[in-house]
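Structure file upload18.cif with mmCIF, C-alpha atoms:
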```
data_final
#
loop_
_atom_site.group_PDB
_atom_site.id
_atom_site.type_symbol
_atom_site.label_atom_id
_atom_site.label_comp_id
_atom_site.auth_asym_id
_atom_site.auth_seq_id
_atom_site.Cartn_x
_atom_site.Cartn_y
_atom_site.Cartn_z
ATOM 1 C CA MET A 7 -176.020 98.060 -193.316
ATOM 2 C CA LYS A 8 -175.689 101.599 -192.027
ATOM 3 C CA THR A 9 -178.313 100.811 -189.400
ATOM 4 C CA THR A 10 -176.562 97.593 -188.454
ATOM 5 C CA ARG A 11 -173.188 99.345 -188.108
ATOM 6 C CA GLY A 12 -174.872 102.043 -186.011
ATOM 7 C CA VAL A 13 -176.323 99.436 -183.680
ATOM 8 C CA MET A 14 -172.987 97.649 -183.458
ATOM 9 C CA LEU A 15 -171.191 100.927 -182.705
ATOM 10 C CA ALA A 16 -173.740 101.766 -180.017
ATOM 11 C CA VAL A 17 -173.270 98.338 -178.444
ATOM 12 C CA MET A 18 -169.487 98.731 -178.537
ATOM 13 C CA LEU A 19 -169.654 102.180 -176.942
ATOM 14 C CA LEU A 20 -172.053 100.895 -174.294
ATOM 15 C CA GLY A 21 -169.653 98.073 -173.578
ATOM 16 C CA VAL A 22 -166.741 100.469 -173.188
ATOM 17 C CA GLY A 23 -168.731 102.784 -170.973
ATOM 18 C CA SER A 24 -169.900 99.964 -168.718
ATOM 19 C CA VAL A 25 -166.498 98.439 -167.944
ATOM 20 C CA ALA A 26 -166.487 97.503 -164.258
ATOM 21 C CA VAL A 27 -164.257 99.645 -162.032
ATOM 22 C CA ALA A 28 -162.427 97.883 -159.203
ATOM 23 C CA GLN A 29 -163.875 98.849 -155.850
ATOM 24 C CA ALA A 30 -161.807 99.325 -152.694
ATOM 25 C CA PRO A 31 -162.589 96.665 -150.096
ATOM 26 C CA PRO A 32 -165.016 97.829 -147.404
ATOM 27 C CA VAL A 33 -163.512 99.110 -144.153
ATOM 28 C CA ASN A 34 -164.381 96.984 -141.143
ATOM 29 C CA HIS A 35 -164.553 99.455 -138.277
ATOM 30 C CA ASN A 36 -163.684 98.657 -134.664
ATOM 31 C CA THR A 37 -161.697 95.591 -135.688
ATOM 32 C CA TRP A 38 -158.209 94.205 -135.192
ATOM 33 C CA THR A 39 -155.946 92.555 -137.759
ATOM 34 C CA SER A 40 -152.327 91.374 -137.749
ATOM 35 C CA GLY A 41 -149.270 92.638 -139.607
ATOM 36 C CA ALA A 42 -146.036 90.870 -140.500
ATOM 37 C CA ALA A 43 -144.138 89.821 -137.380
ATOM 38 C CA MET A 44 -141.263 91.989 -136.160
ATOM 39 C CA PRO A 45 -137.754 90.682 -136.962
ATOM 40 C CA THR A 46 -136.780 91.262 -133.305
ATOM 41 C CA ALA A 47 -139.382 90.984 -130.565
ATOM 42 C CA VAL A 48 -139.204 93.973 -128.211
ATOM 43 C CA LYS A 49 -141.120 95.850 -125.567
ATOM 44 C CA PHE A 50 -140.525 99.418 -124.304
ATOM 45 C CA SER A 51 -139.555 100.509 -127.840
ATOM 46 C CA MET A 52 -139.685 104.070 -129.216
ATOM 47 C CA THR A 53 -141.514 104.775 -132.451
ATOM 48 C CA GLY A 54 -142.086 107.384 -135.135
ATOM 49 C CA LEU A 55 -143.846 107.712 -138.484
ATOM 50 C CA ILE A 56 -141.843 109.290 -141.315
ATOM 51 C CA LYS A 57 -143.712 109.365 -144.596
ATOM 52 C CA ASN A 58 -144.859 105.774 -145.203
ATOM 53 C CA GLN A 59 -142.429 104.144 -142.790
ATOM 54 C CA ILE A 60 -142.842 103.409 -139.081
ATOM 55 C CA TYR A 61 -139.559 103.285 -137.170
ATOM 56 C CA VAL A 62 -139.446 101.029 -134.102
ATOM 57 C CA VAL A 63 -136.250 101.793 -132.226
ATOM 58 C CA GLY A 64 -134.562 100.313 -129.170
ATOM 59 C CA GLY A 65 -136.436 98.510 -126.433
ATOM 60 C CA VAL A 66 -135.726 95.312 -124.564
ATOM 61 C CA THR A 67 -135.857 91.664 -125.558
ATOM 62 C CA GLU A 68 -136.238 88.947 -122.938
ATOM 63 C CA THR A 69 -132.521 89.186 -122.182
ATOM 64 C CA ALA A 70 -131.037 92.477 -123.395
ATOM 65 C CA ILE A 71 -131.460 96.187 -124.026
ATOM 66 C CA VAL A 72 -131.163 96.777 -127.779
ATOM 67 C CA ALA A 73 -130.361 99.629 -130.161
ATOM 68 C CA ASP A 74 -132.111 98.109 -133.191
ATOM 69 C CA ASN A 75 -133.805 100.373 -135.729
ATOM 70 C CA GLN A 76 -136.576 98.273 -137.272
ATOM 71 C CA ILE A 77 -138.705 99.783 -140.036
ATOM 72 C CA TYR A 78 -142.243 98.691 -140.830
ATOM 73 C CA ASN A 79 -143.904 99.594 -144.119
ATOM 74 C CA PRO A 80 -147.693 99.474 -143.598
ATOM 75 C CA VAL A 81 -148.341 99.651 -147.348
ATOM 76 C CA SER A 82 -146.315 96.556 -148.217
ATOM 77 C CA ASN A 83 -146.655 94.958 -144.767
ATOM 78 C CA SER A 84 -142.911 94.317 -144.692
ATOM 79 C CA TRP A 85 -139.879 94.999 -142.515
ATOM 80 C CA SER A 86 -136.403 96.384 -143.114
ATOM 81 C CA THR A 87 -133.646 97.772 -140.894
ATOM 82 C CA ALA A 88 -131.637 100.986 -140.649
ATOM 83 C CA ALA A 89 -128.691 102.304 -138.647
ATOM 84 C CA SER A 90 -128.976 101.367 -134.982
ATOM 85 C CA MET A 91 -129.148 104.151 -132.418
ATOM 86 C CA PRO A 92 -125.751 105.022 -130.870
ATOM 87 C CA VAL A 93 -126.613 103.666 -127.412
ATOM 88 C CA ALA A 94 -129.020 100.842 -126.621
ATOM 89 C CA THR A 95 -131.991 102.458 -124.867
ATOM 90 C CA PHE A 96 -135.531 101.610 -123.808
ATOM 91 C CA ASP A 97 -138.589 103.284 -122.274
ATOM 92 C CA GLY A 98 -137.879 106.739 -123.693
ATOM 93 C CA ALA A 99 -140.090 109.189 -125.568
ATOM 94 C CA SER A 100 -140.203 109.715 -129.329
ATOM 95 C CA ALA A 101 -141.527 112.290 -131.764
ATOM 96 C CA VAL A 102 -141.146 113.306 -135.403
ATOM 97 C CA VAL A 103 -140.713 116.870 -136.688
ATOM 98 C CA LYS A 104 -140.011 117.637 -140.353
ATOM 99 C CA ASN A 105 -139.113 114.010 -141.120
ATOM 100 C CA ILE A 106 -136.558 113.727 -138.318
ATOM 101 C CA LEU A 107 -137.116 111.202 -135.523
ATOM 102 C CA TYR A 108 -136.207 112.444 -132.039
ATOM 103 C CA LEU A 109 -135.704 110.162 -129.018
ATOM 104 C CA PHE A 110 -135.734 111.504 -125.463
ATOM 105 C CA GLY A 111 -134.471 109.976 -122.233
ATOM 106 C CA GLY A 112 -135.245 106.405 -121.278
ATOM 107 C CA SER A 113 -132.800 104.061 -119.637
ATOM 108 C CA GLN A 114 -129.548 102.696 -121.015
ATOM 109 C CA ASP A 115 -128.750 100.315 -118.165
ATOM 110 C CA GLY A 116 -132.116 99.270 -116.737
ATOM 111 C CA THR A 117 -131.392 101.081 -113.479
ATOM 112 C CA SER A 118 -131.020 104.809 -114.047
ATOM 113 C CA ALA A 119 -132.699 107.342 -116.332
ATOM 114 C CA THR A 120 -130.828 109.299 -118.991
ATOM 115 C CA ASN A 121 -131.343 112.820 -120.326
ATOM 116 C CA ALA A 122 -129.818 111.987 -123.721
ATOM 117 C CA VAL A 123 -131.530 113.217 -126.884
ATOM 118 C CA TRP A 124 -130.896 111.599 -130.268
ATOM 119 C CA ALA A 125 -132.049 112.562 -133.746
ATOM 120 C CA TYR A 126 -132.306 110.178 -136.697
ATOM 121 C CA ASN A 127 -132.250 111.414 -140.295
ATOM 122 C CA PRO A 128 -133.597 108.781 -142.714
ATOM 123 C CA LYS A 129 -132.090 110.582 -145.726
ATOM 124 C CA THR A 130 -128.560 110.045 -144.435
ATOM 125 C CA ASN A 131 -129.404 106.991 -142.306
ATOM 126 C CA SER A 132 -127.466 108.591 -139.468
ATOM 127 C CA TRP A 133 -127.862 109.653 -135.840
ATOM 128 C CA SER A 134 -126.750 112.823 -134.093
ATOM 129 C CA SER A 135 -126.895 113.984 -130.473
ATOM 130 C CA LYS A 136 -128.911 117.040 -129.462
ATOM 131 C CA ALA A 137 -129.164 119.290 -126.409
ATOM 132 C CA ALA A 138 -129.817 117.093 -123.391
ATOM 133 C CA MET A 139 -133.135 117.221 -121.561
ATOM 134 C CA PRO A 140 -132.962 119.376 -118.438
ATOM 135 C CA THR A 141 -134.502 116.483 -116.481
ATOM 136 C CA ALA A 142 -133.323 112.904 -116.940
ATOM 137 C CA ARG A 143 -136.269 110.495 -116.964
ATOM 138 C CA ASP A 144 -137.652 107.249 -118.298
ATOM 139 C CA GLY A 145 -141.255 106.125 -118.642
ATOM 140 C CA VAL A 146 -141.645 109.422 -120.448
ATOM 141 C CA GLU A 147 -143.863 110.334 -123.403
ATOM 142 C CA ALA A 148 -143.787 113.046 -126.087
ATOM 143 C CA VAL A 149 -146.161 114.766 -128.500
ATOM 144 C CA VAL A 150 -145.765 117.444 -131.186
ATOM 145 C CA GLU A 151 -147.796 120.634 -131.405
ATOM 146 C CA ASN A 152 -146.889 123.347 -133.928
ATOM 147 C CA ASN A 153 -143.426 121.794 -134.509
ATOM 148 C CA ILE A 154 -142.599 121.956 -130.793
ATOM 149 C CA ILE A 155 -142.085 118.672 -128.941
ATOM 150 C CA TYR A 156 -143.592 118.418 -125.463
ATOM 151 C CA VAL A 157 -141.890 115.794 -123.282
ATOM 152 C CA ILE A 158 -144.206 114.894 -120.429
ATOM 153 C CA GLY A 159 -144.017 113.091 -117.092
ATOM 154 C CA GLY A 160 -141.816 110.073 -116.447
ATOM 155 C CA GLY A 161 -139.664 109.137 -113.503
ATOM 156 C CA ASN A 162 -136.110 108.961 -112.175
ATOM 157 C CA SER A 163 -134.319 108.226 -108.918
ATOM 158 C CA THR A 164 -136.227 111.057 -107.212
ATOM 159 C CA GLY A 165 -139.602 109.494 -107.990
ATOM 160 C CA ILE A 166 -142.504 109.954 -110.403
ATOM 161 C CA LEU A 167 -142.524 113.376 -112.064
ATOM 162 C CA ASN A 168 -145.050 115.960 -113.193
ATOM 163 C CA THR A 169 -142.338 117.634 -115.260
ATOM 164 C CA VAL A 170 -143.195 119.071 -118.679
ATOM 165 C CA GLU A 171 -140.399 120.393 -120.883
ATOM 166 C CA SER A 172 -140.679 121.519 -124.497
ATOM 167 C CA TYR A 173 -137.997 121.092 -127.130
ATOM 168 C CA ASN A 174 -137.642 123.277 -130.202
ATOM 169 C CA PRO A 175 -135.819 121.314 -132.925
ATOM 170 C CA ALA A 176 -135.235 124.472 -134.962
ATOM 171 C CA THR A 177 -133.130 126.055 -132.207
ATOM 172 C CA ASN A 178 -132.097 122.912 -130.299
ATOM 173 C CA THR A 179 -133.294 124.504 -127.052
ATOM 174 C CA TRP A 180 -135.444 123.542 -124.080
ATOM 175 C CA THR A 181 -138.160 125.392 -122.142
ATOM 176 C CA GLU A 182 -139.805 124.429 -118.848
ATOM 177 C CA GLU A 183 -143.602 124.372 -119.107
ATOM 178 C CA ASP A 184 -146.547 124.194 -116.704
ATOM 179 C CA PRO A 185 -146.390 120.817 -114.901
ATOM 180 C CA LEU A 186 -148.962 118.041 -115.046
ATOM 181 C CA LEU A 187 -151.741 118.204 -112.479
ATOM 182 C CA VAL A 188 -150.905 114.602 -111.524
ATOM 183 C CA ALA A 189 -147.327 113.307 -111.577
ATOM 184 C CA LYS A 190 -147.205 110.093 -113.623
ATOM 185 C CA ALA A 191 -145.134 107.951 -115.967
ATOM 186 C CA GLY A 192 -146.010 105.726 -118.914
ATOM 187 C CA SER A 193 -149.127 107.637 -119.938
ATOM 188 C CA ALA A 194 -150.946 107.882 -123.293
ATOM 189 C CA LEU A 195 -150.585 111.096 -125.295
ATOM 190 C CA GLY A 196 -152.311 112.522 -128.335
ATOM 191 C CA LEU A 197 -152.876 115.809 -130.125
ATOM 192 C CA LEU A 198 -156.584 116.412 -130.699
ATOM 193 C CA GLY A 199 -156.854 119.524 -132.827
ATOM 194 C CA THR A 200 -154.509 121.908 -131.041
ATOM 195 C CA THR A 201 -155.049 120.349 -127.605
ATOM 196 C CA ILE A 202 -152.673 117.829 -126.039
ATOM 197 C CA VAL A 203 -154.462 115.076 -124.106
ATOM 198 C CA ASP A 204 -152.581 112.969 -121.546
ATOM 199 C CA ALA A 205 -154.351 109.916 -120.105
ATOM 200 C CA ASP A 206 -153.539 107.156 -117.606
ATOM 201 C CA GLY A 207 -150.110 106.465 -116.141
ATOM 202 C CA TYR A 208 -148.055 105.033 -113.284
ATOM 203 C CA LEU A 209 -148.069 106.795 -109.908
ATOM 204 C CA GLY A 210 -145.344 104.785 -108.189
ATOM 205 C CA SER A 211 -146.289 103.058 -104.931
ATOM 206 C CA ALA A 212 -149.880 104.278 -105.404
ATOM 207 C CA GLY A 213 -150.270 102.108 -108.519
ATOM 208 C CA VAL A 214 -151.860 103.296 -111.757
ATOM 209 C CA THR A 215 -154.307 106.057 -112.585
ATOM 210 C CA GLY A 216 -156.953 106.847 -115.174
ATOM 211 C CA ASP A 217 -156.234 110.566 -114.752
ATOM 212 C CA THR A 218 -156.889 112.433 -117.994
ATOM 213 C CA GLU A 219 -155.735 116.009 -118.588
ATOM 214 C CA SER A 220 -155.578 118.453 -121.471
ATOM 215 C CA TYR A 221 -152.862 121.005 -122.197
ATOM 216 C CA ASN A 222 -153.233 124.245 -124.103
ATOM 217 C CA ALA A 223 -149.826 125.293 -125.413
ATOM 218 C CA SER A 224 -150.934 128.867 -126.078
ATOM 219 C CA THR A 225 -151.952 129.428 -122.450
ATOM 220 C CA ASN A 226 -149.474 126.914 -120.941
ATOM 221 C CA LEU A 227 -152.196 125.460 -118.720
ATOM 222 C CA TRP A 228 -153.456 121.963 -117.866
ATOM 223 C CA THR A 229 -157.140 121.130 -117.288
ATOM 224 C CA SER A 230 -158.618 118.013 -115.687
ATOM 225 C CA LEU A 231 -160.913 115.837 -117.827
ATOM 226 C CA SER A 232 -163.017 112.684 -117.341
ATOM 227 C CA ALA A 233 -160.812 109.862 -116.099
ATOM 228 C CA ASP A 234 -160.248 106.683 -118.088
ATOM 229 C CA PRO A 235 -162.526 103.984 -116.567
ATOM 230 C CA THR A 236 -159.630 101.529 -116.988
ATOM 231 C CA ALA A 237 -156.663 102.857 -115.033
ATOM 232 C CA ARG A 238 -153.409 101.619 -116.577
ATOM 233 C CA THR A 239 -149.896 102.469 -117.680
ATOM 234 C CA LEU A 240 -147.737 101.912 -120.768
ATOM 235 C CA PRO A 241 -150.543 101.202 -123.263
ATOM 236 C CA CYS A 242 -150.465 101.311 -127.050
ATOM 237 C CA TYR A 243 -151.982 104.641 -127.997
ATOM 238 C CA GLY A 244 -152.510 107.246 -130.699
ATOM 239 C CA ALA A 245 -154.723 110.068 -131.915
ATOM 240 C CA ALA A 246 -156.968 109.358 -134.907
ATOM 241 C CA LYS A 247 -160.209 110.808 -136.240
ATOM 242 C CA GLY A 248 -160.464 113.316 -133.404
ATOM 243 C CA SER A 249 -160.128 110.765 -130.601
ATOM 244 C CA LEU A 250 -157.331 109.365 -128.449
ATOM 245 C CA TYR A 251 -157.208 105.561 -128.654
ATOM 246 C CA VAL A 252 -155.731 103.644 -125.718
ATOM 247 C CA ALA A 253 -155.251 99.871 -126.026
ATOM 248 C CA GLY A 254 -153.736 97.387 -123.616
ATOM 249 C CA GLY A 255 -151.150 98.438 -121.066
ATOM 250 C CA ALA A 256 -150.505 97.241 -117.525
ATOM 251 C CA ASP A 257 -152.510 97.311 -114.333
ATOM 252 C CA GLY A 258 -151.099 98.275 -110.941
ATOM 253 C CA ASN A 259 -149.391 94.891 -110.587
ATOM 254 C CA GLY A 260 -147.585 95.074 -113.939
ATOM 255 C CA ASN A 261 -149.898 92.567 -115.613
ATOM 256 C CA PRO A 262 -151.293 93.381 -119.072
ATOM 257 C CA VAL A 263 -154.890 94.349 -119.768
ATOM 258 C CA ASN A 264 -156.642 93.934 -123.119
ATOM 259 C CA THR A 265 -159.045 96.864 -122.733
ATOM 260 C CA ASN A 266 -159.311 99.184 -125.725
ATOM 261 C CA GLU A 267 -160.984 102.575 -125.284
ATOM 262 C CA SER A 268 -161.224 105.919 -127.029
ATOM 263 C CA PHE A 269 -161.510 109.407 -125.582
ATOM 264 C CA LYS A 270 -163.456 112.117 -127.423
ATOM 265 C CA LEU A 271 -162.299 115.553 -126.311
ATOM 266 C CA THR A 272 -165.334 117.418 -127.666
ATOM 267 C CA LYS A 273 -167.607 115.208 -125.533
ATOM 268 C CA ASN A 274 -165.163 114.652 -122.654
ATOM 269 C CA LYS A 275 -166.186 111.006 -122.847
ATOM 270 C CA TRP A 276 -164.593 107.544 -122.919
ATOM 271 C CA THR A 277 -165.973 104.687 -125.064
ATOM 272 C CA THR A 278 -165.172 100.971 -124.771
ATOM 273 C CA LEU A 279 -164.107 99.302 -128.041
ATOM 274 C CA ALA A 280 -163.050 95.872 -129.320
ATOM 275 C CA PRO A 281 -160.325 94.469 -127.005
ATOM 276 C CA MET A 282 -156.777 93.703 -128.129
ATOM 277 C CA PRO A 283 -156.480 90.138 -129.482
ATOM 278 C CA GLN A 284 -153.093 89.588 -127.811
ATOM 279 C CA THR A 285 -153.012 91.126 -124.359
ATOM 280 C CA VAL A 286 -149.766 93.086 -124.019
ATOM 281 C CA THR A 287 -148.154 95.924 -122.146
ATOM 282 C CA ASP A 288 -145.297 98.224 -123.229
ATOM 283 C CA ALA A 289 -146.078 97.936 -126.970
ATOM 284 C CA GLY A 290 -144.690 100.499 -129.412
ATOM 285 C CA SER A 291 -147.340 102.813 -130.878
ATOM 286 C CA ALA A 292 -147.921 104.608 -134.163
ATOM 287 C CA VAL A 293 -150.818 105.946 -136.221
ATOM 288 C CA TYR A 294 -150.802 105.727 -140.021
ATOM 289 C CA LYS A 295 -153.778 106.982 -142.030
ATOM 290 C CA ASN A 296 -155.999 106.971 -138.928
ATOM 291 C CA VAL A 297 -155.142 103.353 -138.118
ATOM 292 C CA LEU A 298 -153.434 102.396 -134.830
ATOM 293 C CA TYR A 299 -150.407 100.086 -134.970
ATOM 294 C CA CYS A 300 -149.157 98.285 -131.847
ATOM 295 C CA PHE A 301 -145.687 96.746 -132.066
ATOM 296 C CA GLY A 302 -144.565 93.902 -129.843
ATOM 297 C CA GLY A 303 -144.984 94.353 -126.110
ATOM 298 C CA GLY A 304 -144.762 91.931 -123.260
ATOM 299 C CA SER A 305 -146.623 89.839 -120.723
ATOM 300 C CA TYR A 306 -145.258 91.825 -117.766
ATOM 301 C CA SER A 307 -144.300 95.464 -117.369
ATOM 302 C CA VAL A 308 -140.741 95.001 -116.083
ATOM 303 C CA GLN A 309 -137.648 94.543 -118.230
ATOM 304 C CA PHE A 310 -136.314 90.970 -118.560
ATOM 305 C CA VAL A 311 -139.430 89.525 -116.911
ATOM 306 C CA GLY A 312 -142.080 87.582 -118.825
ATOM 307 C CA THR A 313 -142.598 86.935 -122.519
ATOM 308 C CA VAL A 314 -141.746 89.503 -125.198
ATOM 309 C CA TYR A 315 -143.811 89.342 -128.401
ATOM 310 C CA ASN A 316 -143.094 90.142 -132.052
ATOM 311 C CA ASN A 317 -146.796 90.691 -132.883
ATOM 312 C CA VAL A 318 -147.989 93.636 -134.935
ATOM 313 C CA GLN A 319 -151.572 94.336 -133.921
ATOM 314 C CA ILE A 320 -153.507 96.768 -136.110
ATOM 315 C CA TYR A 321 -156.687 98.526 -134.991
ATOM 316 C CA GLN A 322 -159.114 100.088 -137.442
ATOM 317 C CA PRO A 323 -161.300 102.686 -135.648
#
```
In structure tokens, how does this file's structure come out?
Amino acid sequence: MKTTRGVMLAVMLLGVGSVAVAQAPPVNHNTWTSGAAMPTAVKFSMTGLIKNQIYVVGGVTETAIVADNQIYNPVSNSWSTAASMPVATFDGASAVVKNILYLFGGSQDGTSATNAVWAYNPKTNSWSSKAAMPTARDGVEAVVENNIIYVIGGGNSTGILNTVESYNPATNTWTEEDPLLVAKAGSALGLLGTTIVDADGYLGSAGVTGDTESYNASTNLWTSLSADPTARTLPCYGAAKGSLYVAGGADGNGNPVNTNESFKLTKNKWTTLAPMPQTVTDAGSAVYKNVLYCFGGGSYSVQFVGTVYNNVQIYQP
């Protein structure tokens, strides 16, 4: 009986030790999936990731400029809303520093550019105004390096700009920086290591460009890099896994392209990837856990023209 009990105990222990452990599903690289549809379809929105929430603010519908503050939770694949921004705005820049979302410029009337700066605090669900940008502009983009926000390019009534201005949230002050080598609006920005990479953009009457440049904040200098083979403006974009991903956007005639490419700074090289399932321009962009999220967008890169989508397209590098 002792032997029998010993065998039984050994079997029981073996059974306990061999309990199957749930495995995470395999990651399908270079693929697109869909998220829950946006409550309000918009293009030209401004976005920011705070903790596990992606804020999609402002933009235009097919008929109006909106101030909506839509929040997407990528973990639960669900939407909620928060306090709307004080003034309906679209086509501005956005950035997050220390869990505060900052919005820069854009247009409030569809005709002129603004230099307004707004800050959203999710803890208090409230907005506050900050020191205005020295240069009013829309079609502008922003990126954060070492808690300083660099607001780059854009345009206003004087034309397309090469202007670069940095904003320090800690002091609420602005500094003029070395300008872009090529003046452009609606480009794709990403921080790769400590280097800011700016690709593509709108030149004005000259159409679109694949111009790609890098900026070193410590030396305040721009350097030319290999151009994007697909010249475009207003794409969905984001930095992940050491590369800048650029998906969709508009060609020189304002029509959307579905091309998806990545730029590797260490190799100074562009690579073609799986195209966007729904071809859009002017989509909102965010990166969460090295995955690119593209929110909404439209069928034509002009406000109140064409179809505006509520798609959430998700790219896994």
Run the PyMOL selection byres ((chain A and resi 137) around 9) on the file and write out the hits as a PDB file with C-alpha atoms, in the frame of the given file.
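Produced file selection00.pdb, reproduced below:
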```pdb
ATOM      1  CA  ALA A 122    -129.818 111.987-123.721  1.00  0.00           C
ATOM      2  CA  VAL A 123    -131.530 113.217-126.884  1.00  0.00           C
ATOM      3  CA  TRP A 124    -130.896 111.599-130.268  1.00  0.00           C
ATOM      4  CA  SER A 135    -126.895 113.984-130.473  1.00  0.00           C
ATOM      5  CA  LYS A 136    -128.911 117.040-129.462  1.00  0.00           C
ATOM      6  CA  ALA A 138    -129.817 117.093-123.391  1.00  0.00           C
ATOM      7  CA  MET A 139    -133.135 117.221-121.561  1.00  0.00           C
ATOM      8  CA  PRO A 140    -132.962 119.376-118.438  1.00  0.00           C
ATOM      9  CA  ASN A 178    -132.097 122.912-130.299  1.00  0.00           C
ATOM     10  CA  THR A 179    -133.294 124.504-127.052  1.00  0.00           C
ATOM     11  CA  TRP A 180    -135.444 123.542-124.080  1.00  0.00           C
TER      12      TRP A 180
END
```
Of the residues A:Ala88, A:Ala101, A:Lys275, A:Val72, which is the one nearest to A:Thr130, using all atoms listed in the file?
A:Ala88
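Distance annotation: of A:Gly145, A:Gly41, A:Gly290, A:Gly64, the residue with the minimal separation from A:Pro80 is A:Gly41; atom set is only C-alpha atoms.
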Can you work out the spacing between atom CA of A:Asp74 and atom CA of A:Gly196 in Å, to one decimal?
25.3 Å
Separation of atom CA of A:Ser305 from atom CA of A:Ser291 in Å:
16.5 Å
One number please: atom CA of A:Val102 to atom CA of A:Val33, in Å, one decimal.
27.9 Å
Explicit residue set for the PyMOL selection byres ((chain A and resi 215-224) around 8), as an MDAnalysis selection string
chainID A and resid 151 186:188 200:209 213:214 225:239
Nearest to A:Pro32, chosen from A:Gly302, A:Gln322, A:Asn75, A:Ser193, with all atoms listed in the file counted in the distances
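With all atoms listed in the file as the atom set, the closest residue is A:Gln322.
Distances to A:Asn296 were evaluated for A:Tyr156, A:Trp276, A:Tyr251, A:Phe96 using all atoms listed in the file, and the minimum falls at A:Tyr251.
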Between A:Thr120, A:Ser268, A:Asn83, A:Ser113, which residue has the minimum interatomic distance to A:Gly244, considering all atoms listed in the file?
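Distance minimum relative to A:Gly244 lands on A:Ser268.
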With all atoms listed in the file as the basis for distance, which of A:Ile56, A:Val66, A:Ile155, A:Ala246 is at the shortest distance from A:Tyr315?
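Result for the nearest residue to A:Tyr315: A:Val66.
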As number ranges by chain, please: the residues near A:Glu171 (cut-off 6 Å, only C-alpha atoms, same-chain neighbours under 5 positions excluded).
A: 156-157, 181-183
Output the selection as a compact mmCIF listing (two decimals), keeping the file's coordinate frame - C-alpha atoms for each residue.
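Writing the result to selection.txt gives the following:
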```txt
# COMPACT_ATOMS: atom_id res chain seq x y z
CA TYR A 156 -143.59 118.42 -125.46
CA VAL A 157 -141.89 115.79 -123.28
CA THR A 181 -138.16 125.39 -122.14
CA GLU A 182 -139.80 124.43 -118.85
CA GLU A 183 -143.60 124.37 -119.11
```
Write out as an NGL selection string each polymer residue whose atoms come within 6 Å of A:Val286, counting only C-alpha atoms; drop sequence neighbours fewer than 5 positions from it.
:A and (254 or 262 or 303-305)
Excluding A:Asn34 and any residue of its chain fewer than 4 positions from it, enumerate the residues within 10 Å of it, using only C-alpha atoms, and give them as an NGL selection string.
:A and (38 or 321-323)
